[in-house]
Structure formats: C-alpha cells, structure tokens
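Chemist: Below is the file query.txt, which contains compact mmCIF, C-alpha atoms.
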```txt
# COMPACT_ATOMS: atom_id res chain seq x y z
CA MET A 146 -42.37 8.73 -73.64
CA LEU A 147 -45.59 9.00 -75.66
CA PRO A 148 -48.18 6.26 -74.99
CA THR A 149 -48.14 5.17 -78.64
CA LYS A 150 -46.35 2.05 -77.38
CA LEU A 151 -49.87 1.01 -76.29
CA VAL A 152 -51.08 1.02 -79.90
CA ARG A 153 -51.47 -2.41 -81.47
CA VAL A 154 -53.12 -3.95 -84.51
CA ASP A 155 -55.14 -7.09 -85.12
CA HIS A 156 -54.20 -8.62 -88.47
CA GLN A 157 -57.27 -10.90 -88.30
CA SER A 158 -59.74 -8.03 -87.93
CA PRO A 159 -61.83 -6.95 -90.95
CA ILE A 160 -61.08 -3.32 -89.99
CA PRO A 161 -58.25 -1.98 -92.20
CA LEU A 162 -54.94 -1.69 -90.36
CA ALA A 163 -54.62 2.06 -91.04
CA ALA A 164 -58.11 2.63 -89.58
CA GLN A 165 -57.15 0.61 -86.48
CA VAL A 166 -54.07 2.77 -85.93
CA ALA A 167 -55.96 6.03 -86.53
CA GLN A 168 -58.79 5.10 -84.14
CA GLN A 169 -56.36 4.29 -81.33
CA LEU A 170 -54.44 7.52 -81.84
CA VAL A 171 -57.73 9.46 -81.74
CA TRP A 172 -58.50 7.86 -78.38
CA LEU A 173 -55.07 8.79 -76.99
CA ILE A 174 -55.67 12.38 -78.15
CA ALA A 175 -59.23 12.54 -76.76
CA SER A 176 -58.14 11.19 -73.37
CA GLY A 177 -55.29 13.71 -73.10
CA GLN A 178 -52.52 11.13 -73.24
CA ILE A 179 -51.19 12.87 -76.33
CA LYS A 180 -51.16 16.62 -75.73
CA GLN A 181 -50.96 19.71 -77.87
CA ASP A 182 -47.55 20.09 -79.58
CA ASP A 183 -46.51 16.52 -78.67
CA ARG A 184 -44.73 14.87 -81.58
CA LEU A 185 -45.88 11.46 -82.74
CA PRO A 186 -43.30 8.77 -83.48
CA SER A 187 -41.86 8.76 -86.96
CA VAL A 188 -43.78 6.75 -89.51
CA ARG A 189 -40.94 4.23 -89.67
CA ALA A 190 -40.64 3.88 -85.86
CA LEU A 191 -44.39 3.25 -85.38
CA ALA A 192 -44.50 0.88 -88.37
CA ASN A 193 -41.60 -1.14 -86.91
CA HIS A 194 -43.31 -1.21 -83.49
CA LEU A 195 -46.57 -2.49 -85.00
CA GLY A 196 -44.98 -4.81 -87.54
CA VAL A 197 -46.85 -3.19 -90.43
CA ALA A 198 -45.88 -1.53 -93.69
CA ILE A 199 -44.75 2.10 -93.57
CA HIS A 200 -47.62 2.95 -95.93
CA THR A 201 -50.14 1.78 -93.28
CA VAL A 202 -48.90 4.34 -90.75
CA GLN A 203 -48.67 7.02 -93.43
CA VAL A 204 -52.36 6.51 -94.25
CA ALA A 205 -53.27 6.66 -90.53
CA TYR A 206 -51.38 9.94 -90.10
CA GLN A 207 -53.02 11.33 -93.23
CA LYS A 208 -56.46 10.61 -91.74
CA LEU A 209 -55.53 12.56 -88.60
CA GLU A 210 -54.13 15.41 -90.69
CA ALA A 211 -57.25 15.59 -92.88
CA ALA A 212 -59.36 15.97 -89.73
CA GLY A 213 -57.16 18.82 -88.48
CA LEU A 214 -55.76 16.91 -85.52
CA VAL A 215 -52.09 16.82 -86.50
CA GLU A 216 -49.65 18.58 -88.78
CA THR A 217 -46.76 16.93 -90.58
CA ARG A 218 -43.74 18.94 -91.68
CA ARG A 219 -40.76 17.62 -93.54
CA GLY A 220 -37.78 17.44 -91.23
CA SER A 221 -39.75 18.10 -88.04
CA GLY A 222 -42.20 15.19 -87.97
CA THR A 223 -45.89 15.01 -86.97
CA ARG A 224 -47.19 17.04 -84.05
CA LEU A 225 -50.59 17.40 -82.39
CA LEU A 226 -52.47 20.62 -83.18
CA PRO A 227 -54.92 22.48 -80.94
CA SER A 228 -58.22 21.00 -82.07
CA GLU A 229 -61.95 21.35 -81.55
CA ARG A 230 -64.34 18.53 -80.69
CA ARG A 231 -65.67 18.60 -84.24
CA SER A 232 -62.20 17.45 -85.40
CA LEU A 233 -62.54 14.33 -83.26
CA ALA A 234 -66.09 13.80 -84.53
CA ALA A 235 -64.92 14.12 -88.14
CA ILE A 236 -62.61 11.12 -87.90
CA THR A 237 -64.89 8.77 -85.92
CA PRO A 238 -67.25 6.44 -87.80
CA ASN A 239 -70.73 7.89 -88.37
CA LEU A 240 -72.37 4.59 -87.51
CA ALA A 241 -74.58 3.41 -84.67
CA SER A 242 -72.37 2.28 -81.77
CA TRP A 243 -75.21 1.21 -79.45
CA THR A 244 -73.59 3.18 -76.63
CA ILE A 245 -74.87 6.14 -74.60
CA GLY A 246 -72.75 8.55 -72.55
CA VAL A 247 -74.03 9.75 -69.17
CA LEU A 248 -72.50 12.69 -67.28
CA ILE A 249 -73.26 12.83 -63.55
CA PRO A 250 -71.68 15.27 -61.06
CA GLU A 251 -70.78 12.56 -58.52
CA TYR A 252 -71.43 8.98 -57.52
CA SER A 253 -74.05 9.37 -54.80
CA PRO A 254 -77.08 7.33 -53.68
CA PHE A 255 -79.41 9.83 -55.35
CA TYR A 256 -78.24 8.81 -58.83
CA GLY A 257 -78.75 5.06 -58.30
CA PRO A 258 -82.48 5.03 -59.21
CA PHE A 259 -81.87 7.53 -62.02
CA LEU A 260 -79.21 5.31 -63.60
CA ARG A 261 -81.48 2.27 -63.23
CA GLY A 262 -84.19 4.12 -65.15
CA LEU A 263 -81.74 5.04 -67.91
CA GLN A 264 -80.40 1.52 -68.08
CA GLU A 265 -83.83 -0.10 -68.25
CA SER A 266 -84.87 2.13 -71.14
CA ALA A 267 -81.50 1.77 -72.91
CA ARG A 268 -81.76 -2.01 -72.69
CA GLU A 269 -84.80 -1.84 -74.99
CA ILE A 270 -82.52 -0.60 -77.78
CA SER A 271 -79.61 -2.87 -76.75
CA SER A 272 -77.44 0.11 -75.78
CA LEU A 273 -74.62 0.18 -73.23
CA LEU A 274 -74.13 3.12 -70.85
CA PHE A 275 -70.77 4.85 -70.34
CA ILE A 276 -71.16 6.63 -66.96
CA CYS A 277 -68.74 9.49 -66.29
CA ASP A 278 -68.33 11.14 -62.86
CA THR A 279 -67.45 14.75 -63.70
CA GLN A 280 -66.68 15.67 -60.06
CA GLU A 281 -69.20 18.55 -60.07
CA TYR A 282 -68.35 19.39 -63.69
CA GLY A 283 -64.73 20.15 -62.97
CA SER A 284 -61.75 20.06 -65.30
CA SER A 285 -62.50 16.48 -66.37
CA THR A 286 -65.73 17.46 -68.12
CA THR A 287 -64.30 18.46 -71.49
CA SER A 288 -62.02 15.42 -71.46
CA TYR A 289 -65.01 13.14 -70.90
CA LEU A 290 -66.87 14.82 -73.75
CA ASP A 291 -63.89 14.30 -76.04
CA GLN A 292 -63.58 10.66 -75.03
CA LEU A 293 -67.29 10.01 -75.56
CA VAL A 294 -67.06 11.56 -79.02
CA ALA A 295 -63.97 9.47 -79.77
CA LYS A 296 -65.92 6.36 -78.76
CA SER A 297 -68.71 7.37 -81.20
CA VAL A 298 -71.46 7.28 -78.59
CA ASP A 299 -74.90 7.70 -80.15
CA GLY A 300 -76.03 10.31 -77.62
CA ILE A 301 -75.31 11.83 -74.21
CA VAL A 302 -77.50 12.43 -71.15
CA VAL A 303 -76.22 15.38 -69.10
CA THR A 304 -77.36 15.21 -65.47
CA SER A 305 -77.53 17.99 -62.87
CA PHE A 306 -75.48 20.54 -64.76
CA VAL A 307 -76.14 23.55 -62.54
CA HIS A 308 -73.20 25.85 -63.20
CA ALA A 309 -74.81 28.62 -65.26
CA ASP A 310 -72.00 30.88 -64.02
CA SER A 311 -69.31 28.72 -65.65
CA PRO A 312 -68.95 29.90 -69.28
CA ILE A 313 -66.43 27.17 -70.12
CA TRP A 314 -68.63 24.20 -69.23
CA HIS A 315 -71.87 25.93 -70.17
CA GLY A 316 -70.46 26.66 -73.62
CA ALA A 317 -69.14 23.13 -74.04
CA LEU A 318 -72.55 21.63 -73.26
CA SER A 319 -74.79 24.15 -75.02
CA SER A 320 -72.88 24.15 -78.33
CA PRO A 321 -73.86 21.25 -80.59
CA ALA A 322 -70.62 21.44 -82.61
CA GLY A 323 -68.94 18.05 -82.59
CA LEU A 324 -71.37 16.50 -80.10
CA PRO A 325 -73.96 13.75 -80.61
CA PRO A 326 -77.59 14.43 -79.58
CA LEU A 327 -77.94 15.64 -75.97
CA VAL A 328 -80.74 15.41 -73.40
CA PHE A 329 -80.55 17.27 -70.08
CA ALA A 330 -81.85 15.95 -66.76
CA ASP A 331 -82.24 18.06 -63.59
CA SER A 332 -80.37 20.87 -65.36
CA PRO A 333 -82.55 24.01 -65.35
CA GLY A 334 -81.76 26.63 -67.95
CA MET A 335 -79.94 24.41 -70.44
CA PRO A 336 -81.06 24.33 -74.09
CA GLY A 337 -82.54 21.33 -75.80
CA PRO A 338 -84.80 18.53 -74.61
CA ALA A 339 -84.87 18.30 -70.82
CA VAL A 340 -86.47 16.56 -67.85
CA LEU A 341 -86.83 18.53 -64.62
CA PHE A 342 -88.24 17.89 -61.16
CA ASP A 343 -90.95 20.15 -59.79
CA LEU A 344 -88.57 21.43 -57.12
CA GLU A 345 -90.53 24.62 -56.56
CA GLY A 346 -93.81 22.81 -55.97
CA GLY A 347 -92.12 20.34 -53.64
CA ALA A 348 -90.57 23.16 -51.60
CA VAL A 349 -93.97 24.87 -51.30
CA GLN A 350 -95.42 21.65 -49.84
CA ALA A 351 -92.49 21.25 -47.44
CA ALA A 352 -92.52 24.86 -46.20
CA ARG A 353 -96.29 24.88 -45.68
CA HIS A 354 -96.21 21.54 -43.87
CA ILE A 355 -93.54 22.63 -41.42
CA ALA A 356 -95.19 26.04 -40.90
CA GLN A 357 -98.45 24.35 -40.02
CA HIS A 358 -96.67 22.70 -37.10
CA GLY A 359 -96.50 26.18 -35.56
CA HIS A 360 -92.90 27.10 -36.43
CA HIS A 361 -92.06 30.73 -37.19
CA ARG A 362 -88.26 30.56 -37.59
CA ILE A 363 -87.87 28.10 -40.44
CA GLY A 364 -84.36 27.88 -41.84
CA ALA A 365 -82.92 26.23 -44.92
CA VAL A 366 -79.75 24.18 -45.46
CA MET A 367 -78.64 24.32 -49.08
CA PRO A 368 -75.77 23.58 -51.45
CA PRO A 369 -74.33 26.65 -53.25
CA LEU A 370 -77.14 29.12 -53.93
CA SER A 371 -75.73 29.84 -57.40
CA TRP A 372 -76.62 26.32 -58.59
CA THR A 373 -79.58 26.50 -60.94
CA ASN A 374 -81.47 23.60 -59.34
CA VAL A 375 -81.33 25.35 -55.95
CA ALA A 376 -83.13 28.53 -57.05
CA PRO A 377 -86.49 26.72 -57.54
CA ILE A 378 -86.27 25.28 -54.01
CA LEU A 379 -85.71 28.74 -52.55
CA ARG A 380 -88.60 30.16 -54.58
CA GLY A 381 -90.91 27.43 -53.36
CA TYR A 382 -89.67 27.82 -49.79
CA ARG A 383 -90.48 31.55 -49.95
CA GLN A 384 -93.91 30.98 -51.52
CA GLY A 385 -94.87 28.28 -49.05
CA LEU A 386 -94.03 30.46 -46.06
CA ALA A 387 -95.91 33.41 -47.58
CA GLN A 388 -99.01 31.29 -48.06
CA ASP A 389 -99.01 30.68 -44.31
CA GLY A 390 -98.42 34.33 -43.43
CA LEU A 391 -94.66 34.04 -42.83
CA HIS A 392 -91.71 35.65 -44.61
CA LEU A 393 -88.31 34.32 -45.55
CA ASP A 394 -85.58 35.48 -43.19
CA ASP A 395 -82.49 35.41 -45.41
CA SER A 396 -80.28 35.12 -42.35
CA LEU A 397 -81.79 31.66 -41.78
CA VAL A 398 -80.60 30.36 -45.16
CA ALA A 399 -77.17 28.73 -45.00
CA SER A 400 -75.27 26.93 -47.73
CA GLY A 401 -72.27 24.67 -47.97
CA PRO A 402 -69.98 23.79 -50.88
CA ASP A 403 -71.91 20.72 -52.12
CA PHE A 404 -74.49 18.05 -51.18
CA SER A 405 -72.22 16.13 -48.78
CA PRO A 406 -72.94 15.42 -45.07
CA ALA A 407 -69.96 17.64 -44.19
CA SER A 408 -71.57 20.48 -46.14
CA GLY A 409 -74.83 19.94 -44.24
CA ALA A 410 -73.00 19.99 -40.92
CA LEU A 411 -71.21 23.22 -41.83
CA ALA A 412 -74.41 25.02 -42.83
CA CYS A 413 -76.30 23.72 -39.81
CA THR A 414 -73.57 24.94 -37.45
CA ARG A 415 -73.82 28.43 -38.92
CA LEU A 416 -77.56 28.50 -38.28
CA LEU A 417 -77.35 27.12 -34.74
CA ASP A 418 -74.76 29.77 -33.85
CA ARG A 419 -77.16 32.59 -34.66
CA PRO A 420 -78.62 34.58 -31.72
CA GLN A 421 -82.08 33.23 -32.61
CA PRO A 422 -81.54 29.86 -34.31
CA PRO A 423 -84.31 28.24 -36.34
CA THR A 424 -86.73 25.78 -34.80
CA ALA A 425 -87.22 23.96 -38.11
CA LEU A 426 -85.10 23.32 -41.18
CA LEU A 427 -85.79 22.60 -44.81
CA VAL A 428 -82.77 20.55 -45.99
CA ALA A 429 -82.16 20.30 -49.74
CA SER A 430 -81.07 16.62 -49.78
CA GLU A 431 -80.83 13.55 -47.59
CA THR A 432 -77.03 13.61 -47.74
CA LEU A 433 -77.07 17.15 -46.34
CA ALA A 434 -79.60 15.95 -43.75
CA ILE A 435 -77.19 13.31 -42.47
CA GLY A 436 -74.74 16.06 -41.53
CA VAL A 437 -77.53 18.18 -40.06
CA ILE A 438 -78.77 15.34 -37.84
CA ARG A 439 -75.26 14.60 -36.63
CA THR A 440 -74.69 18.26 -35.76
CA LEU A 441 -77.99 18.58 -33.90
CA ARG A 442 -77.20 15.50 -31.81
CA GLU A 443 -73.72 16.81 -31.01
CA ARG A 444 -75.39 19.97 -29.70
CA GLY A 445 -77.72 17.91 -27.53
CA LEU A 446 -80.79 18.97 -29.53
CA SER A 447 -83.67 16.60 -30.18
CA ILE A 448 -85.48 16.02 -33.47
CA PRO A 449 -88.23 17.12 -33.87
CA GLY A 450 -88.60 18.42 -30.32
CA ASP A 451 -85.99 21.18 -30.58
CA VAL A 452 -85.54 21.34 -34.34
CA ALA A 453 -87.93 19.81 -36.90
CA LEU A 454 -86.60 18.65 -40.29
CA VAL A 455 -87.91 18.18 -43.81
CA GLY A 456 -85.57 16.81 -46.49
CA PHE A 457 -85.46 16.50 -50.28
CA GLY A 458 -84.98 13.46 -52.48
CA ASP A 459 -86.48 10.50 -50.56
CA MET A 460 -83.46 8.28 -51.06
CA GLU A 461 -83.39 4.83 -49.48
CA VAL A 462 -81.71 6.23 -46.36
CA ALA A 463 -84.61 8.60 -45.52
CA PRO A 464 -86.91 6.09 -43.74
CA VAL A 465 -84.05 4.48 -41.77
CA LEU A 466 -82.64 7.69 -40.31
CA ASP A 467 -83.45 8.33 -36.66
CA PRO A 468 -85.99 9.81 -36.67
CA ALA A 469 -87.34 8.78 -40.06
CA LEU A 470 -87.06 11.77 -42.34
CA THR A 471 -90.08 13.59 -43.72
CA THR A 472 -89.03 14.44 -47.24
CA VAL A 473 -90.03 15.71 -50.67
CA ALA A 474 -89.87 12.68 -52.95
CA LEU A 475 -88.08 13.28 -56.27
CA PRO A 476 -88.75 10.28 -58.57
CA ALA A 477 -85.24 9.87 -59.96
CA TYR A 478 -86.08 6.51 -61.57
CA ASP A 479 -88.87 8.14 -63.59
CA MET A 480 -86.48 10.93 -64.61
CA GLY A 481 -84.10 8.30 -66.00
CA LEU A 482 -86.89 6.65 -68.01
CA GLN A 483 -88.07 10.00 -69.40
CA ALA A 484 -84.57 11.22 -70.29
CA MET A 485 -83.75 8.06 -72.22
CA ALA A 486 -87.14 8.12 -73.96
CA MET A 487 -86.33 11.64 -75.18
CA LEU A 488 -82.87 10.61 -76.35
CA ARG A 489 -84.31 7.62 -78.20
CA GLN A 490 -86.57 9.98 -80.14
CA ARG A 491 -83.55 12.08 -81.11
CA LEU A 492 -81.56 9.03 -82.18
CA VAL A 493 -84.16 8.09 -84.78
CA GLY A 494 -84.38 11.65 -86.08
CA LYS A 495 -87.71 12.58 -84.50
CA LYS A 496 -88.49 15.97 -82.97
CA VAL A 497 -88.85 15.62 -79.22
CA ARG A 498 -92.37 16.50 -78.11
CA PRO A 499 -92.65 17.97 -75.57
CA ARG A 500 -89.12 19.35 -75.25
CA LEU A 501 -89.55 19.88 -71.51
CA VAL A 502 -91.02 17.32 -69.13
CA THR A 503 -91.59 18.22 -65.48
CA ILE A 504 -91.87 15.33 -63.03
CA ASP A 505 -94.15 15.92 -60.05
CA SER A 506 -92.76 15.83 -56.54
CA HIS A 507 -94.74 15.01 -53.41
CA LEU A 508 -94.27 15.14 -49.66
CA VAL A 509 -93.69 11.88 -47.79
CA VAL A 510 -94.56 12.47 -44.13
CA ARG A 511 -92.59 10.61 -41.45
CA ARG A 512 -91.49 11.63 -37.93
CA SER A 513 -88.75 14.25 -38.32
CA CYS A 514 -91.22 17.05 -39.03
CA GLY A 515 -93.05 16.64 -35.75
CA CYS A 516 -96.17 14.85 -36.86
CA GLY A 517 -97.64 13.31 -33.71
CA GLN A 518 -95.80 15.89 -31.55
CA GLU A 519 -97.18 18.93 -29.75
CA PRO A 520 -97.08 22.09 -31.93
CA ALA A 521 -94.04 24.31 -31.43
CA GLY A 522 -94.44 27.38 -29.28
```
Would you give me this structure, written as structure tokens?
Modeler:
Amino acid sequence: MLPTKLVRVDHQSPIPLAAQVAQQLVWLIASGQIKQDDRLPSVRALANHLGVAIHTVQVAYQKLEAAGLVETRRGSGTRLLPSERRSLAAITPNLASWTIGVLIPEYSPFYGPFLRGLQESAREISSLLFICDTQEYGSSTTSYLDQLVAKSVDGIVVTSFVHADSPIWHGALSSPAGLPPLVFADSPGMPGPAVLFDLEGGAVQAARHIAQHGHHRIGAVMPPLSWTNVAPILRGYRQGLAQDGLHLDDSLVASGPDFSPASGALACTRLLDRPQPPTALLVASETLAIGVIRTLRERGLSIPGDVALVGFGDMEVAPVLDPALTTVALPAYDMGLQAMAMLRQRLVGKKVRPRLVTIDSHLVVRRSCGCGQEPAG
C-alpha cells in the first residue's frame, strides 16, 4: 500500500490545499517512499481520503506532472517517472526556509566541535541545521540530497567527502543541477568553496617529532589510502621523515576500512606481525588510536617504551587516554565557523573570497610520543 494514507490537509492553513497535497507527495517521492513506476491513488480516492474536492487533487497532480515527476494517462492512472533532482527543485518554493543541510560521513566525536561551529554561525542568521549521517557516503547519500531539496534548504555543507573514486557520489555532489549552494569541508579535490585542514603540514610536524626521539622504523595506521584526505597525511609523513634523513618504508603503512577502533586494531596487528615491526606509529585519528592502544596492550607492549604513538585530531579523548596521546590538533570548531561563513556569503549572492581556506594544524605534545623517556635505540 502506498504511503499516501499519511497525506493530510489543514483547512485552517493559509497554504492552498492543492499546494499542501503536492508538497507532501514531493516529500514521499524524495524520501523513496513512492518509487519509480508506482501508481498514485486515483484522484477520486485521494480526494475522498482527504475530504477535499476532486479539483484540489487534480491541481496537485498537475503540479507534479508539470515538474516532470509523474505522468497521467487516461485509463491507467498517474505513475511516478524517473526524475532528476532538478525536477524536485522545480516544484519546491524558491523562498528562504532558514534551514541548512549538513552531510557528515558518520556520527563520531570528531564532528561534535565541527557541528557546534556550524550551529553557532547558523544561529546568527536564525537557521536550523538538518544533520544527515550518510554512513560514509553510501547508498543513502542521494536520498538525503533529494530530501534536503524537497525541504527547500537554503544551502548544504558537505563534510569529509573523500571518495574521488566513486563517480556516482562525486557526480551527485559536483553537479549544481537541482542543488542549493554548497560548501565543502575537509573534502580535498571537490569543486566550489571549501575549508580544509593543513593535514600535510601537521603530518610533517608529527613525523619529525617522532623521528627526533631516535626512531628509525616509523609506521603509519590509516583509513583507506584511496580517501582524498589521507593522501596529504602520507605526503607529510614522507616529507617529515625525509627532513630527518629517513625514508618511508611502504611496508610499514597499514590501513583499515574506516576510522573506527576496530580498524585501528586491524592495521596495528598487521604491522606488529611483520618480521621487523615499527617502534613508533603515526595514527591518523584518535578513534584509530584507541584500537591501536588496545592491541599493543594485548601484546604486552608498553607505550611509549616499546612503541611510541602520535595521533591526529586532538579530540576530547586524547588527553585522557593512558598514556595521554601526543596528537596533531585539527581545529574542527574553527572549520565549522569558516564553512558556515562561506555558505552565508553564497546565500546572499556574494562571491566567496577566498574560495579555499586552509586551517592550520599544530602538534600537541603529551606522553605517548616518549617525551621525558630515554631515546629509542
């Protein structure tokens, strides 16, 4: 049974009844509850359900047909057509909604400060955030985009889109057709206004710091190496080692499927099982570091005595880990402020200057790197 039974009208609302019906049907289409080739109820059946005149439903269906969303044929009814996002945009009101869409790849502690920065800046223009967890930009991504368009959001902030090898999602996010203004955050390589971290510079600092403790076998624990915000870390890691007379041993770089502790544990295990395991590790996030620390302890290895660690992110967990984690601080709160400031410029029709903002990173030294310990042999 189609979910049109959920459609209702408010006879006291100043919004015309046909517009109310059309807007709700657009939402059901955008959210995938009405699918391609599904047939809508007959005009008479939906009018009886809503308690409105047949003409009201006819006008609503005509609006959908004019936008290219449905097709009505005599004798066979009204069915949903394959449609582009611009069809959804064409039928939504072109008015300020005071709402902003935010795409993040997951709900993790790293995004807390970032979302606070967005929210603080959005509050200055009385806008509400719609936060969508895309699950690493999986199959839900296009559905979220459709739903945000159907809700007439004023703009969208796209966070940590790193799948340059995914033509479907890359095309959906790089094509402006049917989308409101976009700003990218922590998404290297995407077009349009963007805010990035200085990941390369941070990795240089981290690699040099750990090398200066006397380590020669310095490994790296990473998420997938194909992700575009991982490449700058590897470049910086390589440069930092070279500046201290070392070279990157590719066999000491291990990656897992994501930024989770389980991914960190998996990559760490691979490195520890090597004939000559590393004596120090650069770990691309604190969540990965949690898995690394657990794995080292299970192996009976001490930190930093047997293996020194430097992390990335400086989330709230970093100073309370045991030992406290030396880490490259990535100011996610500042990234949120900058991203929303860029979007606000776009919303009032201004050209964004500059179109790319890079936020500095810096090393926060604690105990996991070996500071205060004897240099490694």
Chemist: For the point (-80.9, 17.7, -72.5) in file coordinates, what residues are within 12 Å, counting all atoms listed in the file? Give the answer as a VMD selection string?
Modeler: chain A and resid 247 to 248 300 to 306 318 to 321 325 to 341 480 to 481 483 to 488 491 497 500 to 502
Chemist: Once you have the residues from the selection above, write them out as an mmCIF file, in the frame of the given file, restricted to C-alpha atoms.
Modeler:
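To be explicit, this is the file written out as part_19.cif:
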```cif
data_model
loop_
_atom_site.group_PDB
_atom_site.id
_atom_site.type_symbol
_atom_site.label_atom_id
_atom_site.label_comp_id
_atom_site.auth_asym_id
_atom_site.auth_seq_id
_atom_site.Cartn_x
_atom_site.Cartn_y
_atom_site.Cartn_z
ATOM 1 C CA VAL A 247 -74.030 9.750 -69.170
ATOM 2 C CA LEU A 248 -72.500 12.690 -67.280
ATOM 3 C CA GLY A 300 -76.030 10.310 -77.620
ATOM 4 C CA ILE A 301 -75.310 11.830 -74.210
ATOM 5 C CA VAL A 302 -77.500 12.430 -71.150
ATOM 6 C CA VAL A 303 -76.220 15.380 -69.100
ATOM 7 C CA THR A 304 -77.360 15.210 -65.470
ATOM 8 C CA SER A 305 -77.530 17.990 -62.870
ATOM 9 C CA PHE A 306 -75.480 20.540 -64.760
ATOM 10 C CA LEU A 318 -72.550 21.630 -73.260
ATOM 11 C CA SER A 319 -74.790 24.150 -75.020
ATOM 12 C CA SER A 320 -72.880 24.150 -78.330
ATOM 13 C CA PRO A 321 -73.860 21.250 -80.590
ATOM 14 C CA PRO A 325 -73.960 13.750 -80.610
ATOM 15 C CA PRO A 326 -77.590 14.430 -79.580
ATOM 16 C CA LEU A 327 -77.940 15.640 -75.970
ATOM 17 C CA VAL A 328 -80.740 15.410 -73.400
ATOM 18 C CA PHE A 329 -80.550 17.270 -70.080
ATOM 19 C CA ALA A 330 -81.850 15.950 -66.760
ATOM 20 C CA ASP A 331 -82.240 18.060 -63.590
ATOM 21 C CA SER A 332 -80.370 20.870 -65.360
ATOM 22 C CA PRO A 333 -82.550 24.010 -65.350
ATOM 23 C CA GLY A 334 -81.760 26.630 -67.950
ATOM 24 C CA MET A 335 -79.940 24.410 -70.440
ATOM 25 C CA PRO A 336 -81.060 24.330 -74.090
ATOM 26 C CA GLY A 337 -82.540 21.330 -75.800
ATOM 27 C CA PRO A 338 -84.800 18.530 -74.610
ATOM 28 C CA ALA A 339 -84.870 18.300 -70.820
ATOM 29 C CA VAL A 340 -86.470 16.560 -67.850
ATOM 30 C CA LEU A 341 -86.830 18.530 -64.620
ATOM 31 C CA MET A 480 -86.480 10.930 -64.610
ATOM 32 C CA GLY A 481 -84.100 8.300 -66.000
ATOM 33 C CA GLN A 483 -88.070 10.000 -69.400
ATOM 34 C CA ALA A 484 -84.570 11.220 -70.290
ATOM 35 C CA MET A 485 -83.750 8.060 -72.220
ATOM 36 C CA ALA A 486 -87.140 8.120 -73.960
ATOM 37 C CA MET A 487 -86.330 11.640 -75.180
ATOM 38 C CA LEU A 488 -82.870 10.610 -76.350
ATOM 39 C CA ARG A 491 -83.550 12.080 -81.110
ATOM 40 C CA VAL A 497 -88.850 15.620 -79.220
ATOM 41 C CA ARG A 500 -89.120 19.350 -75.250
ATOM 42 C CA LEU A 501 -89.550 19.880 -71.510
ATOM 43 C CA VAL A 502 -91.020 17.320 -69.130
#
```
Chemist: At a cut-off of 7 Å, using all atoms listed in the file, what residues contact Thr471 in chain A? Leave out same-chain residues fewer than 6 positions from it and give the result as a PyMOL selection string.
Modeler: chain A and resi 455-456+509-514
Chemist: Quick one: pull the distance between CA of Val166 in chain A and CA of Leu185 in chain A, Å, one decimal.
Modeler: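 Distance reported for this atom pair: 12.4 Å.
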Chemist: Residues near range 421-437 of chain A, anyone? I mean within 6 Å using all atoms listed in the file, not counting same-chain ones fewer than 4 positions away, as a list in words.
Modeler: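 Using all atoms listed in the file, the neighbours found are Arg362, Ile363, Gly364, Ala365, Val366, Met367, Phe404, Ser405, Pro406, Ala407, Gly409, Ala410, Cys413, Leu416, Leu417, Val452, Ala453, Leu454, Val455, Gly456, Phe457 and Gly458 of chain A.
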Chemist: Extract, using all atoms listed in the file, all DNA, RNA and protein residues at most 12 Å from Val197 in chain A, discarding same-chain residues fewer than 2 positions from it, and format them as a list in words.
Modeler: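 These residues fall inside the cut-off: Arg153, Val154, Asp155, His156, Pro161, Leu162, Ala163, Gln165, Val166, Val188, Arg189, Ala190, Leu191, Ala192, Asn193, His194, Leu195, Ile199, His200, Thr201, Val202, Gln203, Val204 and Ala205 of chain A.
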Chemist: Just checking: using all atoms listed in the file, which residue out of A:Gly359, A:Gly445, A:Pro499, A:Gly494 ends up closest to Gly515 in chain A?
Modeler: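 Among the listed residues, the smallest separation from Gly515 in chain A belongs to A:Gly359.
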Chemist: Do you have the CA of Pro377 in chain A-CA of Ala474 in chain A distance handy?
Modeler: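 According to the coordinates, CA of Pro377 in chain A and CA of Ala474 in chain A are separated by 15.2 Å.
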Chemist: Closest to Tyr282 in chain A among A:Leu391, A:Ala399, A:Ala348, A:Ile249, using all atoms listed in the file?
Modeler: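 Using all atoms listed in the file, Tyr282 in chain A sits closest to A:Ile249.
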